[in-house]
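Source file: input_30.txt (compact mmCIF, C-alpha atoms and all ligand atoms)
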# COMPACT_ATOMS: atom_id res chain seq x y z
CA MET A 254 2.78 1.03 18.53
CA ILE A 255 3.95 3.25 15.70
CA VAL A 256 7.52 2.45 14.64
CA THR A 257 9.67 3.76 11.82
CA THR A 258 9.32 2.27 8.38
CA ALA A 259 13.08 1.63 8.50
CA GLN A 260 12.62 -0.63 11.56
CA LEU A 261 10.01 -2.68 9.72
CA PHE A 262 12.19 -2.93 6.62
CA LYS A 263 15.22 -4.05 8.62
CA HIS A 264 13.27 -6.98 10.06
CA ALA A 265 11.52 -7.95 6.83
CA TYR A 266 14.20 -7.51 4.16
CA GLY A 267 14.73 -10.65 2.10
CA LYS A 268 12.36 -12.69 4.28
CA TYR A 269 8.83 -11.36 3.80
CA GLY A 270 6.83 -8.46 2.39
CA VAL A 271 5.29 -5.88 4.69
CA GLY A 272 1.71 -5.21 3.58
CA ALA A 273 1.12 -1.50 2.94
CA TYR A 274 -2.63 -0.99 3.06
CA ASN A 275 -4.42 2.23 2.09
CA ILE A 276 -7.11 3.38 4.47
CA ASN A 277 -9.70 6.14 4.30
CA ASN A 278 -12.04 5.67 7.24
CA ALA A 279 -12.68 4.11 10.64
CA GLU A 280 -14.23 0.89 9.31
CA GLN A 281 -11.14 0.14 7.23
CA ALA A 282 -8.92 0.97 10.21
CA MET A 283 -10.84 -1.45 12.47
CA GLY A 284 -10.68 -4.25 9.90
CA LEU A 285 -7.01 -3.59 9.21
CA PHE A 286 -5.91 -3.70 12.84
CA ARG A 287 -8.06 -6.74 13.59
CA GLY A 288 -6.80 -8.61 10.52
CA CYS A 289 -3.16 -7.84 11.29
CA LEU A 290 -3.45 -8.88 14.93
CA GLU A 291 -5.31 -12.05 13.97
CA ALA A 292 -2.44 -12.89 11.61
CA LYS A 293 0.20 -11.56 14.05
CA ALA A 294 1.62 -9.38 11.30
CA PRO A 295 3.35 -5.99 11.30
CA PHE A 296 2.01 -3.61 8.67
CA ILE A 297 2.15 -0.18 7.10
CA ILE A 298 -0.87 2.10 6.97
CA GLN A 299 -0.67 4.27 3.93
CA ILE A 300 -2.58 7.43 3.34
CA SER A 301 -3.02 8.95 -0.11
CA LYS A 302 -3.65 12.62 -0.88
CA GLY A 303 -7.24 11.64 -1.70
CA ALA A 304 -7.60 9.91 1.68
CA ARG A 305 -6.31 13.03 3.47
CA LYS A 306 -9.00 15.05 1.73
CA TYR A 307 -11.86 12.51 1.97
CA THR A 308 -12.96 13.57 5.46
CA ASP A 309 -10.08 15.60 6.87
CA LYS A 310 -6.45 14.63 7.40
CA ARG A 311 -6.92 15.31 11.16
CA MET A 312 -9.89 12.93 11.24
CA LEU A 313 -7.84 10.12 9.72
CA GLU A 314 -4.93 10.83 12.06
CA ALA A 315 -7.32 10.68 15.04
CA VAL A 316 -8.76 7.38 13.78
CA ILE A 317 -5.27 5.89 13.60
CA ARG A 318 -4.29 7.23 17.03
CA SER A 319 -7.48 5.73 18.47
CA ALA A 320 -6.82 2.39 16.78
CA GLU A 321 -3.33 2.42 18.30
CA GLN A 322 -4.96 2.66 21.75
CA ILE A 323 -7.66 0.08 21.03
CA PHE A 324 -5.05 -2.40 19.70
CA PRO A 325 -1.92 -1.84 21.83
CA GLU A 326 -0.33 -5.05 20.51
CA ALA A 327 -0.17 -3.78 16.91
CA ILE A 328 3.18 -2.74 15.42
CA PHE A 329 2.92 -0.52 12.37
CA ALA A 330 4.26 2.49 10.47
CA VAL A 331 2.34 5.37 8.90
CA HIS A 332 3.26 6.36 5.35
CA LEU A 333 2.19 9.00 2.82
CA ASP A 334 1.33 7.26 -0.47
CA HIS A 335 2.10 8.97 -3.80
CA GLY A 336 2.91 12.38 -2.39
CA ASP A 337 3.74 15.52 -4.31
CA GLU A 338 6.38 17.84 -2.85
CA GLU A 339 3.97 20.08 -0.95
CA THR A 340 2.10 17.17 0.66
CA CYS A 341 5.42 15.52 1.60
CA TYR A 342 6.51 18.65 3.50
CA ASP A 343 3.13 18.86 5.22
CA CYS A 344 3.46 15.23 6.40
CA ILE A 345 7.14 15.59 7.35
CA ASN A 346 6.33 18.61 9.50
CA SER A 347 3.21 17.06 11.07
CA GLY A 348 5.24 14.75 13.30
CA PHE A 349 2.79 11.90 12.62
CA TYR A 350 4.25 10.07 9.62
CA SER A 351 7.00 7.45 9.72
CA SER A 352 7.81 7.86 6.02
CA VAL A 353 6.67 9.63 2.87
CA MET A 354 6.62 8.74 -0.79
CA ILE A 355 7.62 11.45 -3.23
CA ASP A 356 6.28 10.42 -6.59
CA ALA A 357 8.06 12.38 -9.29
CA SER A 358 8.18 9.35 -11.55
CA HIS A 359 6.29 11.21 -14.26
CA ASP A 360 9.15 13.69 -14.55
CA PRO A 361 12.34 13.03 -16.52
CA PHE A 362 15.20 11.32 -14.63
CA ALA A 363 17.13 14.49 -13.69
CA LYS A 364 14.03 16.31 -12.44
CA ASN A 365 12.90 13.22 -10.52
CA VAL A 366 16.32 13.16 -8.80
CA GLU A 367 16.20 16.90 -8.07
CA ILE A 368 12.72 16.80 -6.48
CA THR A 369 13.39 13.58 -4.57
CA LYS A 370 16.67 14.95 -3.20
CA ARG A 371 14.93 18.07 -1.83
CA VAL A 372 12.31 15.95 -0.05
CA VAL A 373 14.97 13.57 1.30
CA GLU A 374 16.93 16.48 2.80
CA ALA A 375 13.83 17.82 4.59
CA ALA A 376 12.71 14.35 5.74
CA HIS A 377 16.08 13.17 7.04
CA LYS A 378 16.37 16.25 9.25
CA LYS A 379 13.30 14.91 11.08
CA GLY A 380 14.30 11.24 11.04
CA ILE A 381 11.70 10.33 8.42
CA SER A 382 12.51 8.03 5.51
CA VAL A 383 11.59 8.58 1.88
CA GLU A 384 10.32 6.25 -0.83
CA ALA A 385 10.80 7.42 -4.41
CA GLU A 386 9.74 5.92 -7.73
CA LEU A 387 11.68 5.17 -10.88
CA GLY A 388 9.88 3.86 -13.93
CA MET A 389 6.15 4.31 -14.45
CA LEU A 390 3.21 2.05 -13.65
CA GLY A 391 0.11 1.98 -15.84
CA GLY A 392 -3.40 2.63 -14.50
CA VAL A 393 -4.98 5.41 -12.48
CA GLU A 394 -3.52 6.92 -9.34
CA GLU A 395 -5.05 10.05 -7.84
CA ASP A 396 -5.59 12.47 -10.73
CA ILE A 397 -2.95 10.95 -13.01
CA LYS A 398 -3.88 8.33 -15.60
CA VAL A 399 -1.06 6.51 -17.34
CA GLU A 400 -2.17 4.71 -20.49
CA GLU A 401 -0.80 1.19 -20.81
CA GLY A 402 1.41 2.17 -23.77
CA HIS A 403 3.13 4.88 -21.71
CA ALA A 404 3.90 2.75 -18.69
CA CYS A 405 7.56 1.77 -18.54
CA LEU A 406 9.47 -0.72 -16.47
CA THR A 407 12.27 0.49 -14.21
CA ASN A 408 15.61 0.42 -16.01
CA PRO A 409 17.98 -1.50 -13.71
CA ALA A 410 20.95 0.40 -15.19
CA GLU A 411 19.58 3.66 -13.72
CA VAL A 412 18.82 2.50 -10.20
CA GLN A 413 22.22 2.93 -8.53
CA ASP A 414 22.64 6.37 -10.04
CA PHE A 415 19.14 7.43 -8.95
CA VAL A 416 19.51 6.20 -5.37
CA GLY A 417 23.08 7.54 -5.09
CA LYS A 418 22.09 11.01 -6.26
CA SER A 419 18.75 11.33 -4.47
CA GLN A 420 19.67 9.40 -1.29
CA CYS A 421 16.12 7.98 -1.09
CA ASP A 422 15.66 5.17 1.45
CA SER A 423 13.53 2.82 -0.65
CA LEU A 424 12.55 2.62 -4.27
CA ALA A 425 9.26 1.81 -5.95
CA CYS A 426 10.11 -0.14 -9.08
CA ALA A 427 7.84 -0.75 -12.04
CA ILE A 428 8.02 -4.50 -12.64
CA GLY A 429 4.87 -5.03 -14.69
CA THR A 430 2.06 -4.12 -12.30
CA SER A 431 -0.44 -1.26 -12.60
CA HIS A 432 -2.87 0.49 -10.25
CA GLY A 433 -6.58 -0.26 -10.04
CA ALA A 434 -8.90 -3.12 -10.94
CA TYR A 435 -8.02 -3.37 -14.63
CA LYS A 436 -4.50 -4.69 -14.72
CA PHE A 437 -3.91 -7.58 -17.10
CA LYS A 438 -6.18 -9.11 -19.72
CA GLY A 439 -4.78 -12.61 -19.23
CA ARG A 440 -2.64 -14.20 -16.53
CA GLN A 441 0.64 -12.30 -16.39
CA SER A 442 3.73 -12.76 -14.25
CA LEU A 443 5.83 -10.09 -12.54
CA HIS A 444 9.02 -9.23 -14.43
CA PHE A 445 11.32 -11.22 -12.16
CA ASN A 446 14.24 -10.76 -14.56
CA VAL A 447 14.10 -6.97 -14.04
CA LEU A 448 13.69 -7.38 -10.28
CA ARG A 449 16.63 -9.77 -10.07
CA GLU A 450 18.85 -7.32 -11.96
CA ILE A 451 17.84 -4.46 -9.66
CA GLN A 452 18.52 -6.52 -6.56
CA GLN A 453 21.93 -7.60 -7.83
CA LYS A 454 22.86 -3.95 -8.22
CA MET A 455 21.37 -2.93 -4.86
CA PRO A 456 21.72 -5.85 -2.43
CA GLY A 457 20.13 -5.11 0.94
CA TYR A 458 18.24 -2.10 -0.38
CA PRO A 459 14.44 -2.15 0.18
CA LEU A 460 12.31 -2.13 -2.95
CA VAL A 461 8.58 -1.40 -3.15
CA MET A 462 5.91 -2.90 -5.35
CA HIS A 463 2.91 -0.73 -6.18
CA GLY A 464 -0.21 -2.03 -7.90
CA SER A 465 -0.05 -5.34 -6.02
CA SER A 466 -3.75 -6.15 -5.78
CA SER A 467 -4.72 -9.51 -7.20
CA VAL A 468 -8.30 -8.57 -8.24
CA PRO A 469 -9.77 -11.92 -7.08
CA GLN A 470 -12.07 -13.26 -9.78
CA GLU A 471 -14.57 -14.59 -7.25
CA GLU A 472 -14.86 -11.08 -5.82
CA VAL A 473 -15.47 -9.59 -9.28
CA ARG A 474 -18.03 -12.32 -10.04
CA ARG A 475 -19.96 -11.65 -6.81
CA ILE A 476 -19.92 -7.88 -7.36
CA ASN A 477 -21.28 -8.29 -10.87
CA ALA A 478 -23.88 -10.84 -9.72
CA ALA A 479 -25.10 -8.18 -7.29
CA GLY A 480 -25.51 -5.52 -9.97
CA GLY A 481 -21.92 -4.36 -10.57
CA GLN A 482 -20.47 -3.94 -14.01
CA LEU A 483 -16.76 -4.48 -13.48
CA GLY A 484 -14.89 -5.40 -16.64
CA SER A 485 -12.84 -8.54 -16.84
CA ALA A 486 -9.24 -8.20 -15.75
CA VAL A 487 -6.90 -9.98 -13.38
CA GLY A 488 -4.20 -8.75 -11.04
CA VAL A 489 -0.95 -9.93 -9.50
CA ASP A 490 -0.75 -13.62 -8.64
CA GLU A 491 -0.69 -13.66 -4.82
CA ASN A 492 1.75 -16.56 -4.93
CA GLU A 493 4.32 -14.20 -6.46
CA TYR A 494 4.39 -11.87 -3.41
CA LEU A 495 6.77 -14.04 -1.42
CA PRO A 496 9.22 -14.79 -4.27
CA ALA A 497 9.32 -11.02 -4.94
CA ALA A 498 9.92 -10.34 -1.24
CA LYS A 499 12.89 -12.74 -1.26
CA LEU A 500 14.32 -10.56 -4.04
CA GLY A 501 14.17 -7.41 -1.92
CA VAL A 502 10.56 -6.25 -2.38
CA THR A 503 10.00 -5.30 1.25
CA LYS A 504 6.83 -3.18 0.96
CA ILE A 505 3.85 -4.45 -1.02
CA ASN A 506 1.07 -1.92 -1.71
CA ILE A 507 -2.52 -3.13 -1.71
CA ASP A 508 -5.57 -0.90 -2.04
CA THR A 509 -7.89 -2.03 -4.84
CA ASP A 510 -8.57 -5.51 -3.40
CA GLY A 511 -9.84 -3.88 -0.20
CA ARG A 512 -12.16 -1.65 -2.22
CA LEU A 513 -13.52 -4.75 -3.93
CA VAL A 514 -14.34 -6.23 -0.50
CA TRP A 515 -16.29 -3.06 0.37
CA THR A 516 -18.16 -3.08 -2.94
CA ARG A 517 -19.06 -6.79 -2.74
CA VAL A 518 -20.30 -6.54 0.87
CA HIS A 519 -22.44 -3.48 0.27
CA ARG A 520 -23.87 -4.56 -3.09
CA GLU A 521 -24.83 -7.98 -1.72
CA PHE A 522 -26.21 -6.54 1.50
CA PHE A 523 -28.55 -4.06 -0.14
CA ARG A 524 -29.55 -6.54 -2.86
CA ASP A 525 -30.53 -9.04 -0.15
CA ASN A 526 -32.06 -6.45 2.19
CA PRO A 527 -33.83 -4.00 -0.11
CA LYS A 528 -35.83 -2.45 2.73
CA GLU A 529 -32.70 -1.72 4.80
CA PHE A 530 -31.45 1.85 5.16
CA ASP A 531 -29.15 1.59 8.18
CA PHE A 532 -25.50 1.59 7.15
CA ARG A 533 -24.29 -0.08 10.32
CA PRO A 534 -25.33 -3.68 9.59
CA PRO A 535 -23.37 -3.79 6.29
CA GLY A 536 -20.61 -1.77 7.97
CA LYS A 537 -20.23 -4.53 10.56
CA VAL A 538 -20.12 -7.20 7.85
CA PHE A 539 -17.52 -5.12 6.02
CA MET A 540 -15.23 -4.84 9.07
CA ASP A 541 -15.36 -8.64 9.55
CA GLU A 542 -14.74 -9.33 5.86
CA TYR A 543 -11.98 -6.73 5.63
CA ALA A 544 -10.23 -8.26 8.65
CA LYS A 545 -10.42 -11.70 6.98
CA PHE A 546 -9.07 -10.27 3.74
CA ILE A 547 -6.14 -8.57 5.51
CA ALA A 548 -5.26 -11.73 7.46
CA HIS A 549 -5.31 -13.72 4.21
CA LYS A 550 -3.04 -11.20 2.42
CA ASN A 551 -0.58 -11.23 5.31
CA GLY A 552 -0.40 -15.00 4.95
CA LYS A 553 0.53 -14.63 1.29
CA LEU A 554 3.08 -11.89 2.05
CA GLY A 555 4.81 -14.00 4.68
CA SER A 556 4.30 -11.22 7.27
CA ALA A 557 1.83 -13.39 9.21
CA GLY A 558 3.40 -14.75 12.38
CA GLN A 559 6.27 -12.21 12.42
CA LEU A 560 4.94 -9.92 15.14
CA ASP A 561 6.49 -11.58 18.20
CA ASP A 562 9.92 -11.89 16.61
CA LEU A 563 9.76 -8.25 15.49
CA ARG A 564 8.77 -7.14 18.99
CA LYS A 565 11.71 -9.06 20.43
CA SER A 566 14.13 -7.55 17.94
CA LEU A 567 12.83 -4.06 18.82
CA GLY A 568 13.37 -4.83 22.51
CA LYS A 569 9.70 -4.06 23.33
O1 LIG B 601 -2.13 4.25 -5.86
C1 LIG B 601 -3.11 4.83 -5.42
C2 LIG B 601 -3.84 4.26 -4.28
O2 LIG B 601 -4.61 3.16 -4.67
C3 LIG B 601 -4.65 5.32 -3.60
O3 LIG B 601 -5.79 5.63 -4.31
O4 LIG B 601 -5.52 8.10 -4.58
O5 LIG B 601 -7.75 7.01 -4.92
O6 LIG B 601 -6.78 7.20 -2.62
P1 LIG B 601 -6.51 7.08 -4.09
P1 LIG B 602 -3.57 -1.54 -6.24
O1 LIG B 602 -4.43 -0.60 -7.05
O2 LIG B 602 -3.10 -2.69 -7.05
O3 LIG B 602 -4.22 -1.96 -4.99
O4 LIG B 602 -2.25 -0.72 -5.83
C1 LIG B 602 -2.25 0.15 -4.73
C2 LIG B 602 -1.05 1.02 -4.67
O5 LIG B 602 -0.06 0.81 -5.36
C3 LIG B 602 -1.07 2.13 -3.72
O6 LIG B 602 0.07 2.92 -3.81
ZN ZN B 603 0.80 3.08 -5.82
Just give me the structure as structure tokens.
Ligand code: G3H
Ligand code: 13P
Ligand code: ZN
Amino acid sequence: MIVTTAQLFKHAYGKYGVGAYNINNAEQAMGLFRGCLEAKAPFIIQISKGARKYTDKRMLEAVIRSAEQIFPEAIFAVHLDHGDEETCYDCINSGFYSSVMIDASHDPFAKNVEITKRVVEAAHKKGISVEAELGMLGGVEEDIKVEEGHACLTNPAEVQDFVGKSQCDSLACAIGTSHGAYKFKGRQSLHFNVLREIQQKMPGYPLVMHGSSSVPQEEVRRINAAGGQLGSAVGVDENEYLPAAKLGVTKINIDTDGRLVWTRVHREFFRDNPKEFDFRPPGKVFMDEYAKFIAHKNGKLGSAGQLDDLRKSLGK
């Protein structure tokens, strides 16, 4: 059942993080739904501009609609990840999305407010909520690469002003994470001091953490042992998801770790089965492994086990 992102946030705020998982194809969708039902967790499916273009946005929409029928117990929202203005309007008008993200975080404050406000006005007319971003994460997202030196943490002193002027419904805050598989050289903690300050200024207001993959070292090791050449880097400590959620981080975005599962499964499969040319056997292994990975993440986010209570609170 597709619900609004606002309904998920209302149930989760201050208690647990809702996993927002990027998907691109049917295999990921199957693993995602299976993993979330196994863990009894609500979730957000997020779709990037790249994902909409990968096959066709209608293909992905059909995959999600089919998954909704195959897994009638699932409760989830559908969200546009890192949208520009044009893509936001396309999603708002499609009638399929529960929420959109307008990412104008690369623009100066006033321009970010101006663009976000326009998208919010269009979205609210259709009952859709809007995530905006203030501050700038490092790493690569879509066609934008932010060098580490240019990334900047969200300034807590600007948050109330930004939300007040733009009227966005949730805010992605830069608290030390970055996108992709190359995050930190050594173990690094989230900037809880910044998060705490933001939450004190905006109690009850849902915050979003991008770049939340943990880049499991065992996964990197196995990929490299099977011929990969991933550099050494670590990600967010999974044990920091829940403390962040208690401080208002209600949506936790994870994409890269899922890609690592795909890469590990396929590299190992073809290394161990060099005569194989059918993509279905590794595809099956991938769906199983992806479901396991999702269930594990939901455990760390605290969303595991919340499905029945959420259903009750929705009166379904
Ligand atoms: O933050 C970006 C997400 O990981 C989506 O990645 O734009 O390559 O689909 P993508
Ligand atoms: P990761 O690259 O850490 O998975 O972050 C994904 C993300 O923030 C999607 O918006
Ligand atoms: Zn992101």
For chain A against ligand LIG 602 (chain B), with a cut-off of 10 Å and counting all atoms listed in the file, what is the closest atom pair and its distance in Å to one decimal for every residue that makes the cut, ordered by chain and number, as a tab-separated table?
residue	atom	partner	partner_atom	distance
A:Ala273	CA	B:LIG602	C3	7.9
A:Tyr274	CA	B:LIG602	C3	7.6
A:Asn275	CA	B:LIG602	C3	6.7
A:Gln299	CA	B:LIG602	O6	7.9
A:Ile300	CA	B:LIG602	O6	8.9
A:Ser301	CA	B:LIG602	O6	7.7
A:Leu333	CA	B:LIG602	O6	9.2
A:Asp334	CA	B:LIG602	O6	5.6
A:His335	CA	B:LIG602	O6	6.4
A:Gly336	CA	B:LIG602	O6	10.0
A:Met354	CA	B:LIG602	O6	9.3
A:Leu390	CA	B:LIG602	O5	9.0
A:Gly392	CA	B:LIG602	O1	8.2
A:Val393	CA	B:LIG602	O1	8.1
A:Glu394	CA	B:LIG602	O6	7.7
A:Glu395	CA	B:LIG602	O6	9.7
A:Ala425	CA	B:LIG602	O5	9.4
A:Thr430	CA	B:LIG602	O2	7.5
A:Ser431	CA	B:LIG602	O2	6.3
A:His432	CA	B:LIG602	O1	3.7
A:Gly433	CA	B:LIG602	O1	3.7
A:Ala434	CA	B:LIG602	O1	6.4
A:Tyr435	CA	B:LIG602	O1	8.8
A:Lys436	CA	B:LIG602	O2	8.0
A:Val461	CA	B:LIG602	O5	9.2
A:Met462	CA	B:LIG602	O5	7.0
A:His463	CA	B:LIG602	O5	3.4
A:Gly464	CA	B:LIG602	O2	3.1
A:Ser465	CA	B:LIG602	O2	4.2
A:Ser466	CA	B:LIG602	O2	3.7
A:Ser467	CA	B:LIG602	O2	7.0
A:Val468	CA	B:LIG602	O2	7.9
A:Gly488	CA	B:LIG602	O2	7.3
A:Val489	CA	B:LIG602	O2	7.9
A:Ile505	CA	B:LIG602	O5	7.9
A:Asn506	CA	B:LIG602	C2	4.7
A:Ile507	CA	B:LIG602	O3	3.9
A:Asp508	CA	B:LIG602	O3	3.4
A:Thr509	CA	B:LIG602	O3	3.7
A:Asp510	CA	B:LIG602	O3	5.8
A:Gly511	CA	B:LIG602	O3	7.6
A:Arg512	CA	B:LIG602	O3	8.4
A:Leu513	CA	B:LIG602	O3	9.8
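Near A:Asp360, within 10 Å and counting only C-alpha atoms, sit Asn365, Val366, Ile368, Leu387, Gly388 and Met389 of chain A; same-chain residues fewer than 5 positions away were not included.
Checking A:Pro496, A:Gly555, A:Pro535, A:Gly391 one by one against ligand ZN 603 (chain B), counting only C-alpha atoms and all ligand atoms, you find the shortest gap at A:Gly391.
The two atoms in question, atom CA of A:Asp561 and atom CA of A:Tyr543, are spaced 22.9 Å apart.
When all atoms listed in the file are used to measure the gap to ligand LIG 601 (chain B), the shortest distance among A:Asp356, A:Asp490, A:Glu529, A:Asp562 belongs to A:Asp356.
Atom pair atom CA of A:Gln452 / atom CA of A:Pro409 has a distance of 8.8 Å (rounded to one decimal).
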Provide an axis-aligned box for all listed atoms of ligand LIG 601 (chain B), padding each side by 5 Å; report its centre and its edge lengths in Å to one decimal, as AutoDock Vina command-line options.
--center_x -4.9 --center_y 5.6 --center_z -4.2 --size_x 15.6 --size_y 14.9 --size_z 13.2
Check: Counting all atoms listed in the file, which of A:Tyr350, A:Phe437, A:Tyr458, A:Tyr307 gets nearest to A:Ser485?
Finding: A:Phe437
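Minimum distance to ligand ZN 603 (chain B) across A:Val271, A:Ala385, A:Met312, A:Val416 (counting only C-alpha atoms and all ligand atoms) occurs at A:Ala385.
Distance-wise, atom CA of A:Asn277 and atom CA of A:Lys550 end up 18.7 Å apart.
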